[in-house]
$ cat model.cif   # mmCIF, C-alpha atoms
data_data
#
loop_
_atom_site.label_atom_id
_atom_site.label_comp_id
_atom_site.auth_asym_id
_atom_site.auth_seq_id
_atom_site.Cartn_x
_atom_site.Cartn_y
_atom_site.Cartn_z
CA MET A 10 -176.36 5.60 62.81
CA TYR A 11 -174.92 7.09 65.97
CA GLU A 12 -175.81 5.07 69.05
CA LYS A 13 -176.20 7.06 72.24
CA PRO A 14 -173.59 5.75 74.71
CA ASN A 15 -174.00 4.86 78.34
CA LEU A 16 -173.81 8.25 80.02
CA SER A 17 -173.82 7.18 83.65
CA LEU A 18 -171.41 9.09 85.88
CA PRO A 19 -168.67 7.46 88.01
CA GLU A 20 -169.71 6.03 91.36
CA LYS A 21 -167.52 8.57 93.18
CA PHE A 22 -168.80 11.54 91.15
CA ASN A 23 -170.09 13.45 94.19
CA GLU A 24 -166.70 13.15 95.91
CA PHE A 25 -164.91 15.07 93.18
CA SER A 26 -164.11 18.78 93.24
CA GLU A 27 -166.54 21.20 91.63
CA ALA A 28 -164.18 21.78 88.71
CA ARG A 29 -163.90 18.06 88.01
CA ARG A 30 -167.65 17.53 88.34
CA ASN A 31 -168.18 20.34 85.85
CA GLY A 32 -165.79 18.60 83.46
CA PHE A 33 -167.80 15.39 83.64
CA LEU A 34 -171.04 17.27 83.02
CA LYS A 35 -169.54 19.21 80.11
CA VAL A 36 -168.32 16.15 78.25
CA ARG A 37 -171.53 14.25 79.00
CA GLU A 38 -173.51 17.15 77.48
CA LEU A 39 -171.23 17.00 74.46
CA LYS A 40 -171.98 13.32 73.95
CA GLU A 41 -175.69 13.80 74.52
CA SER A 42 -175.66 16.28 71.63
CA GLY A 43 -174.54 13.47 69.32
CA HIS A 44 -170.74 13.86 69.32
CA ARG A 45 -168.18 11.18 69.94
CA ALA A 46 -165.14 11.90 72.10
CA ALA A 47 -161.65 10.66 71.23
CA GLY A 48 -158.88 10.87 73.81
CA PHE A 49 -155.28 11.21 72.66
CA PHE A 50 -151.89 11.56 74.34
CA CYS A 51 -149.48 12.96 71.78
CA THR A 52 -149.01 15.81 69.32
CA PHE A 53 -148.41 13.18 66.61
CA THR A 54 -152.11 12.21 66.66
CA PRO A 55 -153.60 13.43 63.32
CA LEU A 56 -156.49 15.49 64.64
CA GLU A 57 -157.73 16.24 61.11
CA VAL A 58 -158.74 12.59 60.78
CA LEU A 59 -160.64 12.59 64.07
CA TYR A 60 -162.49 15.81 63.22
CA ALA A 61 -163.37 14.48 59.76
CA ALA A 62 -164.77 11.34 61.39
CA GLY A 63 -167.04 13.41 63.66
CA PHE A 64 -165.00 13.04 66.86
CA VAL A 65 -164.17 15.77 69.34
CA PRO A 66 -160.50 15.16 70.26
CA VAL A 67 -159.29 15.90 73.78
CA SER A 68 -155.90 15.46 75.42
CA LEU A 69 -155.67 12.80 78.13
CA CYS A 70 -152.14 13.49 79.36
CA GLY A 71 -152.04 13.31 83.15
CA MET A 72 -150.35 16.34 84.72
CA SER A 73 -150.82 15.63 88.40
CA ALA A 74 -149.23 13.41 91.04
CA GLU A 75 -152.69 12.80 92.49
CA THR A 76 -153.35 9.54 90.66
CA ILE A 77 -149.81 8.14 90.53
CA PRO A 78 -150.27 5.90 93.63
CA ALA A 79 -153.25 4.25 91.93
CA ALA A 80 -151.19 3.71 88.77
CA GLU A 81 -148.25 2.20 90.66
CA ALA A 82 -150.52 -0.58 91.89
CA VAL A 83 -150.35 -1.83 88.29
CA LEU A 84 -147.40 -0.12 86.58
CA PRO A 85 -143.73 -0.13 87.67
CA GLY A 86 -142.64 2.88 89.69
CA ASN A 87 -139.74 3.79 87.39
CA LEU A 88 -141.94 4.96 84.51
CA CYS A 89 -142.19 8.66 83.70
CA PRO A 90 -144.74 10.64 85.74
CA LEU A 91 -146.83 11.53 82.70
CA ILE A 92 -147.49 7.85 81.95
CA LYS A 93 -148.27 7.00 85.56
CA SER A 94 -150.51 10.02 86.03
CA SER A 95 -152.39 9.35 82.78
CA PHE A 96 -152.92 5.70 83.63
CA GLY A 97 -153.91 6.61 87.18
CA PHE A 98 -156.69 8.88 85.88
CA TYR A 99 -157.83 6.01 83.64
CA ILE A 100 -158.14 3.35 86.34
CA SER A 101 -159.53 5.68 89.01
CA ASP A 102 -162.27 7.17 86.78
CA LYS A 103 -161.17 10.66 87.83
CA CYS A 104 -160.76 12.12 84.33
CA PRO A 105 -164.05 12.95 82.55
CA TYR A 106 -162.44 12.77 79.11
CA THR A 107 -160.94 9.33 79.64
CA TYR A 108 -164.12 8.09 81.31
CA PHE A 109 -166.40 9.16 78.46
CA ALA A 110 -164.00 8.54 75.56
CA ASP A 111 -165.43 6.42 72.76
CA LEU A 112 -161.89 5.81 71.55
CA ILE A 113 -158.38 6.24 72.90
CA VAL A 114 -155.70 6.96 70.31
CA GLY A 115 -152.14 6.06 71.25
CA GLU A 116 -148.85 6.11 69.39
CA THR A 117 -145.50 4.32 69.50
CA THR A 118 -143.38 7.25 70.67
CA CYS A 119 -142.47 5.53 73.92
CA ASP A 120 -142.14 1.93 75.11
CA GLY A 121 -143.80 2.76 78.42
CA LYS A 122 -146.81 4.23 76.65
CA LYS A 123 -147.07 1.24 74.30
CA LYS A 124 -147.37 -1.15 77.24
CA MET A 125 -149.81 1.21 78.98
CA TYR A 126 -152.03 1.12 75.88
CA GLU A 127 -152.05 -2.67 76.00
CA ILE A 128 -153.60 -2.54 79.45
CA MET A 129 -155.97 0.31 78.56
CA SER A 130 -157.25 -1.63 75.56
CA GLN A 131 -158.68 -4.23 77.94
CA GLY A 132 -161.21 -1.68 79.17
CA LYS A 133 -161.39 0.94 76.40
CA LYS A 134 -161.47 0.80 72.63
CA THR A 135 -157.89 1.76 71.74
CA TYR A 136 -156.02 2.33 68.50
CA VAL A 137 -152.23 2.65 68.48
CA LEU A 138 -150.61 4.54 65.61
CA LYS A 139 -147.27 3.08 64.51
CA LEU A 140 -144.90 6.02 64.16
CA PRO A 141 -141.64 5.90 62.17
CA HIS A 142 -138.61 7.26 63.99
CA GLY A 143 -137.23 9.31 61.14
CA THR A 144 -138.27 11.95 58.62
CA SER A 145 -136.88 10.51 55.38
CA PRO A 146 -139.09 10.14 52.26
CA GLU A 147 -139.44 6.45 53.12
CA ASP A 148 -140.57 7.35 56.64
CA LEU A 149 -143.13 9.76 55.18
CA ASP A 150 -144.42 6.98 52.90
CA PHE A 151 -144.85 4.68 55.90
CA TRP A 152 -146.56 7.36 58.02
CA THR A 153 -148.93 8.27 55.17
CA ASP A 154 -149.94 4.61 54.87
CA GLU A 155 -150.36 4.40 58.65
CA ILE A 156 -152.77 7.34 58.63
CA LYS A 157 -154.68 5.67 55.79
CA ARG A 158 -154.93 2.53 57.95
CA PHE A 159 -156.25 4.68 60.79
CA ILE A 160 -158.89 6.18 58.48
CA SER A 161 -159.98 2.71 57.38
CA TYR A 162 -160.21 1.57 60.99
CA LEU A 163 -162.45 4.49 61.98
CA GLU A 164 -164.70 4.00 58.95
CA LYS A 165 -165.15 0.31 59.69
CA GLU A 166 -165.34 0.49 63.48
CA PHE A 167 -167.68 3.48 63.75
CA GLY A 168 -169.60 3.31 60.48
CA VAL A 169 -168.43 6.70 59.20
CA SER A 170 -167.18 7.90 55.84
CA ILE A 171 -164.04 10.08 55.84
CA SER A 172 -163.77 11.89 52.51
CA ASP A 173 -160.91 13.99 51.22
CA GLY A 174 -163.27 16.95 51.37
CA ALA A 175 -163.94 16.37 55.06
CA LEU A 176 -160.20 16.11 55.74
CA ARG A 177 -159.56 19.39 53.92
CA GLU A 178 -162.30 21.16 55.90
CA ALA A 179 -160.89 19.76 59.15
CA ALA A 180 -157.42 20.96 58.14
CA LYS A 181 -158.73 24.49 57.54
CA LEU A 182 -160.52 24.46 60.88
CA LEU A 183 -157.43 23.30 62.76
CA ASN A 184 -155.17 25.71 60.88
CA GLU A 185 -157.37 28.57 62.06
CA GLU A 186 -157.02 27.38 65.66
CA ARG A 187 -153.27 26.96 65.23
CA SER A 188 -152.95 30.45 63.79
CA ALA A 189 -154.88 31.90 66.75
CA LYS A 190 -152.55 30.10 69.17
CA GLU A 191 -149.48 31.19 67.26
CA GLU A 192 -150.68 34.79 67.29
CA LEU A 193 -150.99 34.65 71.07
CA ALA A 194 -147.60 32.99 71.52
CA ASN A 195 -145.93 35.53 69.21
CA ILE A 196 -147.06 38.40 71.44
CA GLN A 197 -144.06 37.48 73.59
CA LYS A 198 -141.69 38.57 70.83
CA ALA A 199 -142.22 42.12 72.05
CA VAL A 200 -139.47 43.59 74.24
CA PRO A 201 -140.36 43.91 77.03
CA SER A 202 -142.79 41.00 76.94
CA PRO A 203 -146.38 42.08 77.68
CA ALA A 204 -147.27 38.99 79.73
CA LYS A 205 -145.84 36.31 81.94
CA GLY A 206 -145.03 33.12 80.08
CA TYR A 207 -146.85 31.17 82.78
CA ASP A 208 -150.11 32.98 81.98
CA VAL A 209 -149.70 32.56 78.22
CA TYR A 210 -149.02 28.86 78.68
CA LYS A 211 -152.11 28.38 80.85
CA ALA A 212 -154.25 30.24 78.29
CA LEU A 213 -153.02 28.02 75.47
CA GLU A 214 -153.53 24.91 77.58
CA GLY A 215 -157.03 25.94 78.63
CA ALA A 216 -158.09 26.64 75.05
CA ASP A 217 -157.79 22.93 74.27
CA PHE A 218 -160.69 22.23 76.60
CA LEU A 219 -163.07 24.57 74.79
CA PHE A 220 -165.01 22.26 72.50
CA SER A 221 -166.53 25.03 70.40
CA HIS A 222 -164.17 25.99 67.58
CA LYS A 223 -165.70 29.48 67.43
CA ASP A 224 -165.31 30.07 71.18
CA LYS A 225 -161.74 28.79 71.15
CA VAL A 226 -160.62 31.06 68.31
CA GLU A 227 -162.51 34.10 69.64
CA ASN A 228 -161.10 33.74 73.14
CA LEU A 229 -157.53 33.36 71.88
CA ARG A 230 -157.82 36.36 69.58
CA MET A 231 -159.40 38.56 72.26
CA LEU A 232 -156.51 37.78 74.58
CA SER A 233 -154.00 38.47 71.81
CA GLU A 234 -155.57 41.84 71.08
CA SER A 235 -155.50 42.87 74.74
CA LEU A 236 -151.82 41.91 74.99
CA LYS A 237 -150.99 43.72 71.75
CA LYS A 238 -152.53 46.83 73.23
CA LYS A 239 -150.44 46.41 76.35
CA ALA A 240 -147.29 45.90 74.27
CA SER A 241 -148.08 49.06 72.31
CA GLU A 242 -148.48 51.04 75.51
CA GLU A 243 -145.19 49.65 76.83
CA ALA A 244 -143.51 50.87 73.64
CA SER A 245 -144.73 54.47 74.12
CA PRO A 246 -142.04 57.20 74.35
CA GLU A 247 -142.77 57.69 78.05
CA LYS A 248 -142.32 54.01 78.80
CA GLN A 249 -139.20 53.80 76.65
CA ALA A 250 -137.65 56.69 78.53
CA ASP A 251 -138.34 54.93 81.79
CA SER A 252 -136.85 51.68 80.48
CA ASN A 253 -133.55 53.45 79.81
CA LYS A 254 -133.05 54.22 83.49
CA PRO A 255 -130.16 52.33 85.15
CA LEU A 256 -131.05 49.02 86.74
CA PRO A 257 -130.49 48.28 90.42
CA GLU A 258 -127.17 46.55 91.14
CA THR A 259 -129.07 43.38 92.04
CA ARG A 260 -130.64 43.25 88.56
CA LYS A 261 -127.78 43.76 86.13
CA GLN A 262 -128.93 42.76 82.65
CA GLY A 263 -127.45 42.20 79.23
CA PRO A 264 -127.85 44.79 76.47
CA LYS A 265 -131.00 43.27 74.96
CA SER A 266 -133.60 44.31 77.53
CA ARG A 267 -134.37 44.94 81.15
CA GLU A 268 -135.72 41.39 81.47
CA ARG A 269 -134.01 38.05 81.19
CA ARG A 270 -135.80 36.26 78.36
CA ILE A 271 -135.89 32.46 78.68
CA LEU A 272 -136.68 29.92 75.96
CA ILE A 273 -138.21 26.78 77.47
CA THR A 274 -137.73 23.45 75.67
CA GLY A 275 -138.16 19.75 76.44
CA CYS A 276 -140.95 17.47 77.67
CA PRO A 277 -144.61 18.32 78.34
CA ILE A 278 -144.40 20.57 81.41
CA GLY A 279 -148.00 20.89 82.62
CA GLY A 280 -147.26 18.83 85.70
CA VAL A 281 -144.11 20.76 86.63
CA LEU A 282 -145.09 24.27 85.54
CA GLU A 283 -145.23 25.64 89.07
CA LYS A 284 -141.77 24.61 90.21
CA THR A 285 -140.03 25.46 86.93
CA VAL A 286 -141.63 28.25 84.88
CA LYS A 287 -143.28 29.97 87.83
CA THR A 288 -139.99 29.89 89.73
CA VAL A 289 -138.21 31.41 86.72
CA GLU A 290 -140.71 34.26 86.64
CA GLU A 291 -140.55 34.84 90.37
CA ASN A 292 -136.90 35.71 89.83
CA SER A 293 -137.21 38.66 87.45
CA ALA A 294 -137.10 36.61 84.27
CA VAL A 295 -139.77 35.79 81.67
CA ALA A 296 -140.46 32.55 79.82
CA VAL A 297 -140.97 34.14 76.41
CA CYS A 298 -141.31 30.95 74.34
CA PHE A 299 -142.15 27.27 74.85
CA GLU A 300 -140.53 24.87 72.38
CA ASN A 301 -141.87 21.67 73.82
CA CYS A 302 -144.64 19.11 73.43
CA THR A 303 -147.28 21.49 74.70
CA GLY A 304 -145.81 24.62 73.16
CA THR A 305 -145.04 25.78 69.63
CA LYS A 306 -144.82 22.22 68.27
CA THR A 307 -148.59 21.91 68.51
CA PHE A 308 -149.40 24.93 66.36
CA SER A 309 -146.40 26.33 64.48
CA ARG A 310 -146.81 24.02 61.47
CA LYS A 311 -149.99 24.06 59.39
CA THR A 312 -151.48 21.42 57.10
CA ASP A 313 -151.63 22.26 53.39
CA ALA A 314 -155.39 21.89 52.96
CA ASP A 315 -155.09 22.37 49.17
CA ALA A 316 -152.41 19.75 48.57
CA PRO A 317 -153.21 17.21 45.83
CA ASP A 318 -152.87 14.35 48.35
CA ILE A 319 -154.46 15.59 51.57
CA VAL A 320 -153.56 12.48 53.58
CA ARG A 321 -149.89 12.84 52.68
CA ALA A 322 -150.06 16.55 53.53
CA ILE A 323 -151.42 15.67 56.97
CA ALA A 324 -148.71 13.04 57.42
CA GLU A 325 -145.97 15.51 56.45
CA ARG A 326 -147.24 18.16 58.86
CA TYR A 327 -147.11 15.82 61.87
CA LEU A 328 -143.89 14.03 60.94
CA ARG A 329 -141.95 17.32 61.14
CA ILE A 330 -142.90 18.20 64.71
CA GLY A 331 -139.33 17.81 65.98
CA CYS A 332 -139.90 15.34 68.81
CA SER A 333 -136.88 13.73 70.49
CA VAL A 334 -138.04 10.26 69.36
CA MET A 335 -136.85 11.18 65.87
CA SER A 336 -133.28 10.28 64.96
CA PRO A 337 -131.61 12.39 63.82
CA ASN A 338 -133.76 15.19 65.20
CA ASN A 339 -132.61 18.09 63.04
CA GLU A 340 -136.09 19.64 63.10
CA ARG A 341 -135.79 20.50 66.80
CA LEU A 342 -132.40 22.17 66.45
CA GLU A 343 -133.55 24.18 63.42
CA ASN A 344 -136.67 25.24 65.28
CA LEU A 345 -134.72 26.22 68.40
CA GLU A 346 -132.36 28.38 66.34
CA LYS A 347 -135.27 30.25 64.76
CA LEU A 348 -137.16 30.69 68.04
CA ALA A 349 -134.10 31.89 69.94
CA GLU A 350 -133.63 34.62 67.34
CA ASP A 351 -137.32 35.53 66.92
CA PHE A 352 -137.98 35.79 70.66
CA SER A 353 -134.65 37.46 71.54
CA ALA A 354 -133.84 34.68 74.00
CA ASP A 355 -131.11 35.31 76.57
CA ALA A 356 -130.92 31.69 77.74
CA ILE A 357 -132.39 28.19 77.30
CA ILE A 358 -133.89 26.00 80.01
CA ASP A 359 -134.41 22.37 78.96
CA ILE A 360 -136.90 20.42 81.10
CA SER A 361 -137.00 16.61 81.08
CA LEU A 362 -139.26 14.30 83.06
CA HIS A 363 -137.68 11.41 84.96
CA SER A 364 -137.35 8.30 82.78
CA CYS A 365 -138.05 10.16 79.53
CA ILE A 366 -134.99 8.65 77.90
CA THR A 367 -135.03 10.37 74.51
CA TYR A 368 -135.36 13.90 75.89
CA SER A 369 -132.78 13.23 78.60
CA VAL A 370 -130.25 11.90 76.06
CA GLU A 371 -130.98 14.73 73.64
CA SER A 372 -130.18 17.31 76.33
CA TYR A 373 -126.52 16.76 75.38
CA SER A 374 -127.18 17.98 71.83
CA ILE A 375 -129.27 20.89 73.05
CA GLY A 376 -126.45 21.90 75.40
CA LEU A 377 -123.97 21.88 72.51
CA PHE A 378 -126.38 23.93 70.41
CA ALA A 379 -126.77 26.52 73.18
CA LYS A 380 -122.98 26.75 73.60
CA LYS A 381 -122.55 27.29 69.87
CA LYS A 382 -125.15 30.08 69.94
CA GLY A 383 -123.57 31.67 73.02
CA LEU A 384 -126.69 31.12 75.13
CA PRO A 385 -126.53 30.04 78.81
CA TYR A 386 -128.12 26.58 79.18
CA LEU A 387 -129.71 24.73 82.08
CA HIS A 388 -131.04 21.17 81.99
CA LEU A 389 -133.61 20.28 84.66
CA GLU A 390 -134.81 16.73 85.26
CA THR A 391 -137.82 16.38 87.53
CA ASP A 392 -141.18 14.71 88.16
CA TYR A 393 -144.60 15.60 89.54
CA THR A 394 -143.71 15.27 93.22
CA GLU A 395 -142.90 18.19 95.54
CA GLY A 396 -139.73 16.65 96.98
CA ASP A 397 -137.30 18.51 94.71
CA GLU A 398 -138.96 21.94 94.74
CA ALA A 399 -136.23 23.49 96.91
CA GLN A 400 -133.51 22.01 94.71
CA MET A 401 -135.25 23.28 91.56
CA ARG A 402 -135.54 26.76 93.01
CA THR A 403 -131.87 26.84 94.06
CA ARG A 404 -130.66 25.71 90.62
CA ILE A 405 -132.92 28.13 88.74
CA GLU A 406 -131.99 31.09 90.95
CA ALA A 407 -128.27 30.34 90.58
CA PHE A 408 -128.63 29.99 86.80
CA LEU A 409 -130.49 33.28 86.44
CA GLU A 410 -127.88 35.07 88.54
CA MET A 411 -125.30 34.12 85.91
CA ILE A 412 -127.21 35.64 82.98
#
$ encode --input "model.cif" --output "structure tokens"
Amino acid sequence: MYEKPNLSLPEKFNEFSEARRNGFLKVRELKESGHRAAGFFCTFTPLEVLYAAGFVPVSLCGMSAETIPAAEAVLPGNLCPLIKSSFGFYISDKCPYTYFADLIVGETTCDGKKKMYEIMSQGKKTYVLKLPHGTSPEDLDFWTDEIKRFISYLEKEFGVSISDGALREAAKLLNEERSAKEELANIQKAVPSPAKGYDVYKALEGADFLFSHKDKVENLRMLSESLKKKASEEASPEKQADSNKPLPETRKQGPKSRERRILITGCPIGGVLEKTVKTVEENSAVAVCFENCTGTKTFSRKTDADAPDIVRAIAERYLRIGCSVMSPNNERLENLEKLAEDFSADAIIDISLHSCITYSVESYSIGLFAKKKGLPYLHLETDYTEGDEAQMRTRIEAFLEMI
């Protein structure tokens, strides 16, 4: 039997912005309707299991420097900004989804996160998934068993029954959402691109905070249709004739298109979107594809809902995401090669957050890959502060001038 939780609001609720207050009210309404909320931090979290258990999953990754000072009162300052921001929202009660979460699901992708979860578990019910750091058959066996352990935990802790049928239905539901996201992302394959990458990214990000599956899919598809129409209009004979006109001397381009098409890869970039992607697009270039933790990795792969062993199918889908914690990480390089071709990329920009060791080290391999493919490559390492904005702009502008 579902027990209605304590739905009191934070003491400082009235001090928050209208948008944040609305977030608190939205998730409280969700819980009052009988749903449980599960917060998660990583694309490795098997959402099919949470849906099948009756949870509404929501991302808790902090993408703002606002709460970092509060976090640094507990955590060391040399952790990555995503960890500090996420923990800061937790201890300051400023995130509605963390505040009302019935369960926080963590994972062992990062030592900093693992230690953060230890502290979080003192105030919130927390489950940490033990992730293998490879994609071999033995790793898949381990990960399948780990997801089974997670299922058993949820059944015991929350008094629910998670059947194979429920997992298959959840997989179909999530596959539909993933397909709608992929359809929107693939709009940018058109040359010229019909939208700014910044706007596409924000639309994909915002969709994750629509708790109605129907609304989420409908909104994504409506946006895709409007952009398809725009792309069709751009491809009209009149527009094509105009596109063949010579470019100004200050905007010399390669033979592919009038725009410089950039493939973005690396860490989650929500907290640095303004000073990276927006800066790129303020300089006559377009971010046509996002191969990162909040980009294509979250929706390009689907779960085989009809597989004989649905738990293993779920495990296989998540294990092949291509995260830098995997060694060797062949999935990422294979994915980058396909995306660079499919999206007609002219260059690659690789964005790492300070102290994200695996992505920073892997930038060497990504640089070699770009050189092999004949693509200009830029590695940016940054955090959520504003102190390096001028430096970021200078480096991005200089890089784009060379393309």
$ residues_around --input "model.cif" --residues "Thr153 of chain A" --least-positions-apart "2" --cutoff "10 Å" --atoms "only C-alpha atoms" --output "ChimeraX atom specification"
/A:147-151,155-159,318-325,328
$ closest_residue --input "model.cif" --among "A:Glu234, A:Glu300, A:Asp154, A:Asp313" --to "Ile357 of chain A" --atoms "all atoms listed in the file"
A:Glu300
$ atom_distance --input "model.cif" --atom1 "atom CA of Glu346 of chain A" --atom2 "atom CA of Pro146 of chain A"
24.0 Å
$ residues_around --input "model.cif" --residues "Pro78 of chain A" --least-positions-apart "5" --cutoff "10 Å" --atoms "all atoms listed in the file" --output "ChimeraX atom specification"
/A:83-84,86,93-94,97
$ closest_residue --input "model.cif" --among "A:Val289, A:Cys104, A:Leu182, A:Cys332" --to "Asn31 of chain A" --atoms "only C-alpha atoms"
A:Cys104
$ resolve_selection --input "model.cif" --expression "the PyMOL selection byres ((chain A and resi 296-299) around 8)" --output "PDB file with C-alpha atoms, in the frame of the given file"
ATOM      1  CA  ALA A 194    -147.600  32.990  71.520  1.00  0.00           C
ATOM      2  CA  GLN A 197    -144.060  37.480  73.590  1.00  0.00           C
ATOM      3  CA  LYS A 198    -141.690  38.570  70.830  1.00  0.00           C
ATOM      4  CA  SER A 202    -142.790  41.000  76.940  1.00  0.00           C
ATOM      5  CA  LYS A 205    -145.840  36.310  81.940  1.00  0.00           C
ATOM      6  CA  GLY A 206    -145.030  33.120  80.080  1.00  0.00           C
ATOM      7  CA  TYR A 207    -146.850  31.170  82.780  1.00  0.00           C
ATOM      8  CA  ARG A 270    -135.800  36.260  78.360  1.00  0.00           C
ATOM      9  CA  ILE A 271    -135.890  32.460  78.680  1.00  0.00           C
ATOM     10  CA  LEU A 272    -136.680  29.920  75.960  1.00  0.00           C
ATOM     11  CA  ILE A 273    -138.210  26.780  77.470  1.00  0.00           C
ATOM     12  CA  THR A 274    -137.730  23.450  75.670  1.00  0.00           C
ATOM     13  CA  VAL A 286    -141.630  28.250  84.880  1.00  0.00           C
ATOM     14  CA  VAL A 289    -138.210  31.410  86.720  1.00  0.00           C
ATOM     15  CA  GLU A 290    -140.710  34.260  86.640  1.00  0.00           C
ATOM     16  CA  ALA A 294    -137.100  36.610  84.270  1.00  0.00           C
ATOM     17  CA  VAL A 295    -139.770  35.790  81.670  1.00  0.00           C
ATOM     18  CA  GLU A 300    -140.530  24.870  72.380  1.00  0.00           C
ATOM     19  CA  ASN A 301    -141.870  21.670  73.820  1.00  0.00           C
ATOM     20  CA  THR A 303    -147.280  21.490  74.700  1.00  0.00           C
ATOM     21  CA  GLY A 304    -145.810  24.620  73.160  1.00  0.00           C
ATOM     22  CA  THR A 305    -145.040  25.780  69.630  1.00  0.00           C
ATOM     23  CA  LEU A 348    -137.160  30.690  68.040  1.00  0.00           C
ATOM     24  CA  PHE A 352    -137.980  35.790  70.660  1.00  0.00           C
ATOM     25  CA  ALA A 354    -133.840  34.680  74.000  1.00  0.00           C
TER      26      ALA A 354
END
$ closest_residue --input "model.cif" --among "A:Tyr136, A:Tyr327, A:Asn87, A:Val281" --to "Ile366 of chain A" --atoms "only C-alpha atoms"
A:Asn87
$ residues_near_point --input "model.cif" --point "(-162.3, 17.4, 78.8)" --cutoff "6 Å" --atoms "all atoms listed in the file" --output "VMD selection string"
chain A and resid 32 106 218
$ residues_around --input "model.cif" --residues "Val36 of chain A" --least-positions-apart "2" --cutoff "8 Å" --atoms "all atoms listed in the file" --output "JSON list (two decimals) with C-alpha atoms, keeping the file's coordinate frame"
[["chain", "number", "residue", "atom", "x", "y", "z"],
["A", 32, "GLY", "CA", -165.79, 18.60, 83.46],
["A", 33, "PHE", "CA", -167.80, 15.39, 83.64],
["A", 34, "LEU", "CA", -171.04, 17.27, 83.02],
["A", 38, "GLU", "CA", -173.51, 17.15, 77.48],
["A", 39, "LEU", "CA", -171.23, 17.00, 74.46],
["A", 40, "LYS", "CA", -171.98, 13.32, 73.95],
["A", 105, "PRO", "CA", -164.05, 12.95, 82.55],
["A", 106, "TYR", "CA", -162.44, 12.77, 79.11],
["A", 109, "PHE", "CA", -166.40, 9.16, 78.46]]
$ atom_distance --input "model.cif" --atom1 "atom CA of Ala212 of chain A" --atom2 "atom CA of Leu342 of chain A"
26.1 Å
$ residues_around --input "model.cif" --residues "Cys276 of chain A" --least-positions-apart "4" --cutoff "8 Å" --atoms "all atoms listed in the file" --output "mmCIF file with C-alpha atoms, in the coordinates of the input"
data_model
loop_
_atom_site.group_PDB
_atom_site.id
_atom_site.type_symbol
_atom_site.label_atom_id
_atom_site.label_comp_id
_atom_site.auth_asym_id
_atom_site.auth_seq_id
_atom_site.Cartn_x
_atom_site.Cartn_y
_atom_site.Cartn_z
ATOM 1 C CA ASN A 301 -141.870 21.670 73.820
ATOM 2 C CA CYS A 302 -144.640 19.110 73.430
ATOM 3 C CA ILE A 360 -136.900 20.420 81.100
ATOM 4 C CA SER A 361 -137.000 16.610 81.080
ATOM 5 C CA LEU A 362 -139.260 14.300 83.060
ATOM 6 C CA TYR A 368 -135.360 13.900 75.890
#
$ resolve_selection --input "model.cif" --expression "the PyMOL selection byres ((chain A and resi 46) around 7)" --output "PyMOL selection string"
chain A and resi 44-45+47-48+64-66+110-112
$ atom_distance --input "model.cif" --atom1 "atom CA of Pro201 of chain A" --atom2 "atom CA of Tyr386 of chain A"
21.3 Å
$ resolve_selection --input "model.cif" --expression "the PyMOL selection byres ((chain A and resi 181) around 12)" --output "PyMOL selection string"
chain A and resi 56-57+60-61+174-180+182-188+222+311-316+319+323
$ build_atoms --input "model.cif" --residues "segment 292-302 of chain A" --atoms "N, CA and C atoms" --output "compact mmCIF listing (two decimals), in the coordinates of the input"
# COMPACT_ATOMS: atom_id res chain seq x y z
N ASN A 292 -138.26 35.22 89.69
CA ASN A 292 -136.90 35.71 89.83
C ASN A 292 -136.52 36.66 88.70
N SER A 293 -137.45 37.55 88.39
CA SER A 293 -137.21 38.66 87.45
C SER A 293 -136.78 38.20 86.07
N ALA A 294 -137.32 37.07 85.63
CA ALA A 294 -137.10 36.61 84.27
C ALA A 294 -138.47 36.30 83.67
N VAL A 295 -138.51 36.10 82.35
CA VAL A 295 -139.77 35.79 81.67
C VAL A 295 -139.56 34.62 80.71
N ALA A 296 -140.45 33.65 80.79
CA ALA A 296 -140.46 32.55 79.82
C ALA A 296 -141.16 33.06 78.56
N VAL A 297 -140.38 33.47 77.57
CA VAL A 297 -140.97 34.14 76.41
C VAL A 297 -141.42 33.16 75.33
N CYS A 298 -140.94 31.91 75.39
CA CYS A 298 -141.31 30.95 74.34
C CYS A 298 -141.21 29.53 74.88
N PHE A 299 -142.12 28.68 74.43
CA PHE A 299 -142.15 27.27 74.85
C PHE A 299 -141.97 26.39 73.62
N GLU A 300 -140.79 25.82 73.46
CA GLU A 300 -140.53 24.87 72.38
C GLU A 300 -140.58 23.48 73.00
N ASN A 301 -141.74 23.01 73.23
CA ASN A 301 -141.87 21.67 73.82
C ASN A 301 -143.17 21.03 73.35
N CYS A 302 -143.50 19.88 73.92
CA CYS A 302 -144.64 19.11 73.43
C CYS A 302 -145.98 19.80 73.62
